[in-house]
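First up is the structure itself, then whatever we jot down about it.
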Amino acid sequence: MNTLIIREPKIEDQNIFIAAMRNSQALHNPWIKSPQTENAFKAYILRSQQVNQKCFLLCDFLGNIVGVFNISEIVLGQFQSAYLGFYAVANYAGKGYMSRGIKLILKNIFEEMKLHRIEANIQPENSSSINLVKANGFIKEGYSPRYLNVDGQWRDHERWALTYENWNEIIFGR
């Protein structure tokens with residue numbers, strides 16, 4: 001299988017990113033609303049440059065965008081926590097790319113960013129995303145009714161989280 005990398009998005013990614021997101025609308029609906037216009041992409045780039053945000057594109061060895069990972073509301077100090085959002089590009093969904101990508105992003109979160117905890121909030125019907133986090137050691141912590149406004153509707157979410165200690169045990173058996 002191809003080598004994958006994670007990298008921060010740049011303005012030069014605009015056309016390919018927008019095309020990938022427009023092509024992925026059916027896959028993403030109703031779970032997320034991805035940037036699909038020039039203005040939305042520019043806002044995404046600006047957001048990714050804030051100190052409490054990190055955005056990453058998951059790319060194959062040819063440079064194709066196969067998925068997106070967003071780390072938001074990063075809090076350091078005694079909390080060292082953030083939220084993880086993610087979505088695949090339709091042409092690459094269901095082929096194991098996001099499974100490999102989440103391992104890369106977790107390594108970045110825990111080893112480079114030095115966070116202690118990452119939380120993913122997922123709509124209960126989104127079995128693909130729930131299976132992805134579950135397979136990577138996340139633990140279900142609870143249920144939040146009407147937690148997040150997605151595409152104009154307040155949607156229920158399950159809260160899944162992973163700490164450095166749990167991740168370290170999974171990766172290194174310690």
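Here's how to read the names in the structure tokens: chain A, B, ... by the order shown, residue numbers from 1 in each chain, ligand numbers from 1 in the order shown.
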Near-Asp156 of chain A list (8 Å; only C-alpha atoms; drop same-chain fewer than 3 positions) as a PDB file with C-alpha atoms, in the first residue's frame:
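See selection.pdb below for the written result:
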```pdb
ATOM      1  CA  GLN A 123     -22.770  11.307  15.672  1.00  0.00           C
ATOM      2  CA  PRO A 124     -24.092   7.912  16.896  1.00  0.00           C
ATOM      3  CA  TYR A 143     -23.370  10.858  25.077  1.00  0.00           C
ATOM      4  CA  SER A 144     -24.149  14.523  24.441  1.00  0.00           C
ATOM      5  CA  PRO A 145     -27.626  15.390  23.172  1.00  0.00           C
ATOM      6  CA  ARG A 146     -27.807  18.276  20.676  1.00  0.00           C
ATOM      7  CA  TYR A 147     -24.050  18.746  21.119  1.00  0.00           C
ATOM      8  CA  LEU A 148     -22.947  20.334  17.854  1.00  0.00           C
TER       9      LEU A 148
END
```
Quick one: pick out all alpha helix (DSSP H) residues within segment 10-54 of chain A from a backbone DSSP run and write them as a PyMOL selection string.
chain A and resi 14-23+25-28+38-48
Just the strand (DSSP E or B) stuff from segment 53-143 of chain A, please, per backbone DSSP, written as a short mmCIF file (atom, residue, chain, number, x, y, z; two decimals) with all heavy atoms, in the first residue's frame.
```cif
data_model
loop_
_atom_site.label_atom_id
_atom_site.label_comp_id
_atom_site.auth_asym_id
_atom_site.auth_seq_id
_atom_site.Cartn_x
_atom_site.Cartn_y
_atom_site.Cartn_z
N LYS A 54 -4.94 23.11 14.64
CA LYS A 54 -3.98 22.49 13.73
C LYS A 54 -4.80 21.69 12.72
O LYS A 54 -5.67 20.92 13.10
CB LYS A 54 -3.02 21.53 14.45
CG LYS A 54 -1.90 22.20 15.19
CD LYS A 54 -0.84 22.61 14.21
CE LYS A 54 0.41 23.01 14.95
NZ LYS A 54 1.42 23.52 14.07
N CYS A 55 -4.51 21.90 11.47
CA CYS A 55 -5.20 21.17 10.42
C CYS A 55 -4.17 20.41 9.60
O CYS A 55 -3.07 20.91 9.35
CB CYS A 55 -5.98 22.13 9.52
SG CYS A 55 -7.25 23.05 10.42
N PHE A 56 -4.53 19.20 9.21
CA PHE A 56 -3.62 18.36 8.45
C PHE A 56 -4.35 17.69 7.30
O PHE A 56 -5.49 17.25 7.45
CB PHE A 56 -3.02 17.26 9.34
CG PHE A 56 -2.15 17.78 10.43
CD1 PHE A 56 -2.66 18.01 11.69
CD2 PHE A 56 -0.81 18.07 10.20
CE1 PHE A 56 -1.86 18.49 12.71
CE2 PHE A 56 0.01 18.54 11.21
CZ PHE A 56 -0.53 18.77 12.47
N LEU A 57 -3.67 17.61 6.18
CA LEU A 57 -4.15 16.83 5.05
C LEU A 57 -3.43 15.50 5.08
O LEU A 57 -2.21 15.45 5.32
CB LEU A 57 -3.87 17.55 3.73
CG LEU A 57 -4.44 18.96 3.59
CD1 LEU A 57 -4.07 19.54 2.23
CD2 LEU A 57 -5.94 18.97 3.82
N LEU A 58 -4.14 14.44 4.83
CA LEU A 58 -3.55 13.11 4.68
C LEU A 58 -3.38 12.91 3.18
O LEU A 58 -4.35 12.97 2.43
CB LEU A 58 -4.47 12.05 5.29
CG LEU A 58 -4.02 10.60 5.15
CD1 LEU A 58 -2.72 10.36 5.92
CD2 LEU A 58 -5.12 9.67 5.66
N CYS A 59 -2.14 12.72 2.74
CA CYS A 59 -1.84 12.62 1.31
C CYS A 59 -1.11 11.32 1.00
O CYS A 59 -0.31 10.84 1.81
CB CYS A 59 -0.97 13.80 0.87
SG CYS A 59 -1.74 15.41 1.14
N ASP A 60 -1.38 10.80 -0.20
CA ASP A 60 -0.64 9.62 -0.65
C ASP A 60 0.68 10.05 -1.29
O ASP A 60 0.99 11.24 -1.37
CB ASP A 60 -1.50 8.75 -1.57
CG ASP A 60 -1.79 9.39 -2.92
OD1 ASP A 60 -1.22 10.44 -3.27
OD2 ASP A 60 -2.63 8.81 -3.66
N ILE A 65 -4.93 14.22 -1.98
CA ILE A 65 -5.54 14.35 -0.66
C ILE A 65 -6.49 13.18 -0.48
O ILE A 65 -7.42 13.00 -1.28
CB ILE A 65 -6.28 15.69 -0.52
CG1 ILE A 65 -5.32 16.86 -0.73
CG2 ILE A 65 -6.97 15.77 0.85
CD1 ILE A 65 -6.01 18.21 -0.86
N VAL A 66 -6.25 12.37 0.53
CA VAL A 66 -7.10 11.20 0.78
C VAL A 66 -7.94 11.36 2.04
O VAL A 66 -8.89 10.61 2.25
CB VAL A 66 -6.27 9.89 0.83
CG1 VAL A 66 -5.52 9.69 -0.48
CG2 VAL A 66 -5.31 9.86 1.99
N GLY A 67 -7.60 12.34 2.88
CA GLY A 67 -8.35 12.59 4.10
C GLY A 67 -7.91 13.88 4.76
O GLY A 67 -6.93 14.50 4.35
N VAL A 68 -8.66 14.27 5.78
CA VAL A 68 -8.42 15.51 6.51
C VAL A 68 -8.52 15.22 8.00
O VAL A 68 -9.42 14.48 8.43
CB VAL A 68 -9.45 16.59 6.11
CG1 VAL A 68 -9.28 17.85 6.92
CG2 VAL A 68 -9.39 16.88 4.61
N PHE A 69 -7.61 15.81 8.77
CA PHE A 69 -7.66 15.74 10.23
C PHE A 69 -7.56 17.16 10.77
O PHE A 69 -6.66 17.90 10.37
CB PHE A 69 -6.51 14.90 10.81
CG PHE A 69 -6.63 13.44 10.51
CD1 PHE A 69 -6.00 12.89 9.41
CD2 PHE A 69 -7.39 12.62 11.32
CE1 PHE A 69 -6.11 11.54 9.12
CE2 PHE A 69 -7.51 11.26 11.04
CZ PHE A 69 -6.86 10.72 9.94
N ASN A 70 -8.47 17.52 11.65
CA ASN A 70 -8.46 18.84 12.28
C ASN A 70 -8.38 18.68 13.79
O ASN A 70 -9.17 17.93 14.38
CB ASN A 70 -9.73 19.62 11.92
CG ASN A 70 -9.82 19.87 10.43
OD1 ASN A 70 -8.84 20.26 9.80
ND2 ASN A 70 -10.98 19.63 9.86
N ILE A 71 -7.44 19.36 14.38
CA ILE A 71 -7.29 19.36 15.83
C ILE A 71 -7.69 20.76 16.29
O ILE A 71 -7.06 21.74 15.89
CB ILE A 71 -5.85 19.02 16.26
CG1 ILE A 71 -5.45 17.68 15.63
CG2 ILE A 71 -5.73 18.99 17.77
CD1 ILE A 71 -3.97 17.40 15.66
N SER A 72 -8.73 20.84 17.10
CA SER A 72 -9.26 22.15 17.46
C SER A 72 -9.33 22.33 18.96
O SER A 72 -9.27 21.38 19.73
CB SER A 72 -10.64 22.35 16.84
OG SER A 72 -11.54 21.38 17.33
N GLU A 73 -9.47 23.60 19.33
CA GLU A 73 -9.58 23.99 20.74
C GLU A 73 -8.46 23.38 21.57
O GLU A 73 -8.69 22.80 22.63
CB GLU A 73 -10.95 23.63 21.30
CG GLU A 73 -12.10 24.24 20.53
CD GLU A 73 -11.99 25.76 20.32
OE1 GLU A 73 -11.51 26.46 21.23
OE2 GLU A 73 -12.39 26.24 19.24
N ILE A 74 -7.24 23.53 21.09
CA ILE A 74 -6.06 23.03 21.80
C ILE A 74 -5.85 23.87 23.05
O ILE A 74 -5.75 25.10 22.98
CB ILE A 74 -4.81 23.10 20.89
CG1 ILE A 74 -5.02 22.26 19.62
CG2 ILE A 74 -3.57 22.66 21.66
CD1 ILE A 74 -4.00 22.53 18.53
N VAL A 75 -5.81 23.20 24.18
CA VAL A 75 -5.56 23.85 25.46
C VAL A 75 -4.31 23.22 26.05
O VAL A 75 -4.23 22.00 26.17
CB VAL A 75 -6.76 23.69 26.43
CG1 VAL A 75 -6.46 24.36 27.76
CG2 VAL A 75 -8.03 24.27 25.80
N SER A 81 -5.12 19.24 26.15
CA SER A 81 -6.18 18.49 25.49
C SER A 81 -6.67 19.22 24.25
O SER A 81 -6.42 20.41 24.08
CB SER A 81 -7.34 18.28 26.48
OG SER A 81 -8.34 17.47 25.91
N ALA A 82 -7.38 18.49 23.39
CA ALA A 82 -7.94 19.08 22.18
C ALA A 82 -9.03 18.15 21.65
O ALA A 82 -9.24 17.05 22.15
CB ALA A 82 -6.86 19.27 21.13
N TYR A 83 -9.70 18.62 20.60
CA TYR A 83 -10.71 17.84 19.90
C TYR A 83 -10.18 17.42 18.54
O TYR A 83 -9.45 18.17 17.89
CB TYR A 83 -11.99 18.67 19.69
CG TYR A 83 -12.66 19.07 20.96
CD1 TYR A 83 -12.53 20.36 21.47
CD2 TYR A 83 -13.43 18.16 21.68
CE1 TYR A 83 -13.16 20.74 22.64
CE2 TYR A 83 -14.06 18.53 22.85
CZ TYR A 83 -13.92 19.82 23.33
OH TYR A 83 -14.53 20.18 24.49
N LEU A 84 -10.56 16.24 18.11
CA LEU A 84 -10.15 15.71 16.81
C LEU A 84 -11.36 15.55 15.91
O LEU A 84 -12.34 14.91 16.27
CB LEU A 84 -9.47 14.35 16.99
CG LEU A 84 -9.05 13.62 15.71
CD1 LEU A 84 -7.98 14.40 14.96
CD2 LEU A 84 -8.57 12.22 16.05
N GLY A 85 -11.27 16.15 14.73
CA GLY A 85 -12.27 15.95 13.69
C GLY A 85 -11.57 15.36 12.48
O GLY A 85 -10.38 15.60 12.27
N PHE A 86 -12.28 14.58 11.69
CA PHE A 86 -11.64 13.95 10.53
C PHE A 86 -12.69 13.55 9.51
O PHE A 86 -13.86 13.37 9.84
CB PHE A 86 -10.83 12.71 10.96
CG PHE A 86 -11.62 11.73 11.78
CD1 PHE A 86 -12.38 10.74 11.18
CD2 PHE A 86 -11.60 11.80 13.17
CE1 PHE A 86 -13.11 9.84 11.93
CE2 PHE A 86 -12.33 10.90 13.94
CZ PHE A 86 -13.08 9.92 13.31
N TYR A 87 -12.23 13.47 8.27
CA TYR A 87 -13.10 12.97 7.20
C TYR A 87 -12.26 12.51 6.03
O TYR A 87 -11.19 13.04 5.76
CB TYR A 87 -14.14 14.00 6.77
CG TYR A 87 -13.68 15.44 6.64
CD1 TYR A 87 -13.28 15.96 5.41
CD2 TYR A 87 -13.67 16.29 7.75
CE1 TYR A 87 -12.89 17.28 5.29
CE2 TYR A 87 -13.27 17.61 7.63
CZ TYR A 87 -12.89 18.10 6.40
OH TYR A 87 -12.50 19.41 6.27
N ALA A 88 -12.77 11.49 5.36
CA ALA A 88 -12.08 10.91 4.20
C ALA A 88 -12.53 11.62 2.93
O ALA A 88 -13.58 12.27 2.89
CB ALA A 88 -12.42 9.42 4.09
N ARG A 117 -4.45 14.40 26.05
CA ARG A 117 -5.76 13.82 25.78
C ARG A 117 -6.32 14.38 24.48
O ARG A 117 -6.18 15.55 24.19
CB ARG A 117 -6.68 14.22 26.93
CG ARG A 117 -8.11 13.76 26.87
CD ARG A 117 -8.85 14.37 28.07
NE ARG A 117 -10.19 14.10 28.38
CZ ARG A 117 -11.19 13.70 27.63
NH1 ARG A 117 -11.02 13.46 26.41
NH2 ARG A 117 -12.39 13.53 28.09
N ILE A 118 -6.97 13.51 23.72
CA ILE A 118 -7.65 13.93 22.50
C ILE A 118 -9.07 13.35 22.54
O ILE A 118 -9.27 12.21 22.94
CB ILE A 118 -6.88 13.50 21.22
CG1 ILE A 118 -7.47 14.13 19.97
CG2 ILE A 118 -6.77 12.00 21.10
CD1 ILE A 118 -7.20 15.60 19.82
N GLU A 119 -10.02 14.18 22.14
CA GLU A 119 -11.43 13.78 22.20
C GLU A 119 -12.04 13.90 20.81
O GLU A 119 -11.82 14.89 20.11
CB GLU A 119 -12.18 14.68 23.17
CG GLU A 119 -13.63 14.35 23.35
CD GLU A 119 -14.29 15.21 24.41
OE1 GLU A 119 -13.69 15.43 25.48
OE2 GLU A 119 -15.43 15.67 24.15
N ALA A 120 -12.80 12.89 20.41
CA ALA A 120 -13.53 12.91 19.14
C ALA A 120 -15.02 12.79 19.45
O ALA A 120 -15.43 11.87 20.16
CB ALA A 120 -13.08 11.76 18.25
N ASN A 121 -15.79 13.72 18.96
CA ASN A 121 -17.24 13.70 19.15
C ASN A 121 -17.88 13.30 17.84
O ASN A 121 -17.68 13.96 16.82
CB ASN A 121 -17.72 15.07 19.62
CG ASN A 121 -17.23 15.35 21.02
OD1 ASN A 121 -17.78 14.81 21.97
ND2 ASN A 121 -16.19 16.14 21.15
N ILE A 122 -18.64 12.20 17.87
CA ILE A 122 -19.12 11.57 16.65
C ILE A 122 -20.62 11.29 16.76
O ILE A 122 -21.09 10.77 17.79
CB ILE A 122 -18.36 10.24 16.41
CG1 ILE A 122 -16.85 10.50 16.35
CG2 ILE A 122 -18.85 9.56 15.13
CD1 ILE A 122 -16.01 9.24 16.42
N ILE A 139 -11.84 5.46 23.94
CA ILE A 139 -12.81 4.91 24.88
C ILE A 139 -14.04 5.80 24.88
O ILE A 139 -13.92 7.03 24.97
CB ILE A 139 -12.19 4.83 26.30
CG1 ILE A 139 -11.00 3.87 26.28
CG2 ILE A 139 -13.25 4.40 27.32
CD1 ILE A 139 -10.12 3.97 27.50
N LYS A 140 -15.21 5.18 24.80
CA LYS A 140 -16.45 5.96 24.84
C LYS A 140 -16.66 6.49 26.24
O LYS A 140 -16.69 5.73 27.21
CB LYS A 140 -17.64 5.10 24.41
CG LYS A 140 -18.93 5.89 24.33
CD LYS A 140 -20.07 5.02 23.84
CE LYS A 140 -21.37 5.79 23.85
NZ LYS A 140 -22.50 4.93 23.44
N GLU A 141 -16.79 7.81 26.33
CA GLU A 141 -16.95 8.45 27.63
C GLU A 141 -18.38 8.90 27.91
O GLU A 141 -18.73 9.14 29.05
CB GLU A 141 -16.04 9.68 27.74
CG GLU A 141 -14.59 9.33 27.80
CD GLU A 141 -13.71 10.52 28.07
OE1 GLU A 141 -14.09 11.65 27.71
OE2 GLU A 141 -12.62 10.32 28.63
N GLY A 142 -19.16 9.05 26.86
CA GLY A 142 -20.52 9.50 27.12
C GLY A 142 -21.28 9.89 25.87
O GLY A 142 -20.83 9.66 24.75
N TYR A 143 -22.43 10.48 26.13
CA TYR A 143 -23.37 10.86 25.08
C TYR A 143 -23.81 12.29 25.34
O TYR A 143 -24.19 12.63 26.46
CB TYR A 143 -24.57 9.91 25.13
CG TYR A 143 -25.57 10.14 24.03
CD1 TYR A 143 -25.39 9.57 22.77
CD2 TYR A 143 -26.70 10.92 24.25
CE1 TYR A 143 -26.32 9.78 21.75
CE2 TYR A 143 -27.63 11.12 23.24
CZ TYR A 143 -27.43 10.54 22.00
OH TYR A 143 -28.34 10.75 20.99
#
```
Shortest interatomic distance to Asn29 of chain A - which of A:Gln80, A:Asn168, A:His157, A:Val150, counting only C-alpha atoms:
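Counting only C-alpha atoms, the residue closest to Asn29 of chain A is A:Val150.
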Go through A:Ile170, A:Val133, A:Val89, A:Leu104 one by one, measure the shortest atom-to-atom distance of each to Ile16 of chain A using only C-alpha atoms, and give the residue with the smallest value.
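Closest residue, counting only C-alpha atoms: A:Val89.
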Please measure the separation of atom CA of Gly63 of chain A and atom CA of Asp13 of chain A, giving the value in Å to one decimal.
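Going from atom CA of Gly63 of chain A over to atom CA of Asp13 of chain A covers 10.2 Å.
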Between A:Asn131, A:Thr37, A:Asn15, A:Asn166, which has the minimum distance to Met98 of chain A (counting only C-alpha atoms)?
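Among the listed residues, the smallest separation from Met98 of chain A belongs to A:Asn131.
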Find the residue from A:Glu8, A:Phe172, A:Gln25, A:Lys33 that sits nearest to Ile45 of chain A; use only C-alpha atoms when measuring.
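Going through A:Glu8, A:Phe172, A:Gln25, A:Lys33 one by one, the smallest distance to Ile45 of chain A is for A:Glu8.
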I'd like to know which of A:Ser129, A:Gln78, A:Gln53, A:Gln153 is closest to Ser99 of chain A, using only C-alpha atoms.
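Under the stated criterion, the closest residue is A:Ser129.
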Coordinates-based distance that separates atom CA of Leu132 of chain A from atom CA of Leu162 of chain A (Å, one decimal):
12.6 Å
Tell me, in Å to one decimal, how far atom CA of Ser128 of chain A is from atom CA of Leu27 of chain A.
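For atom CA of Ser128 of chain A relative to atom CA of Leu27 of chain A, the distance reads 10.8 Å.
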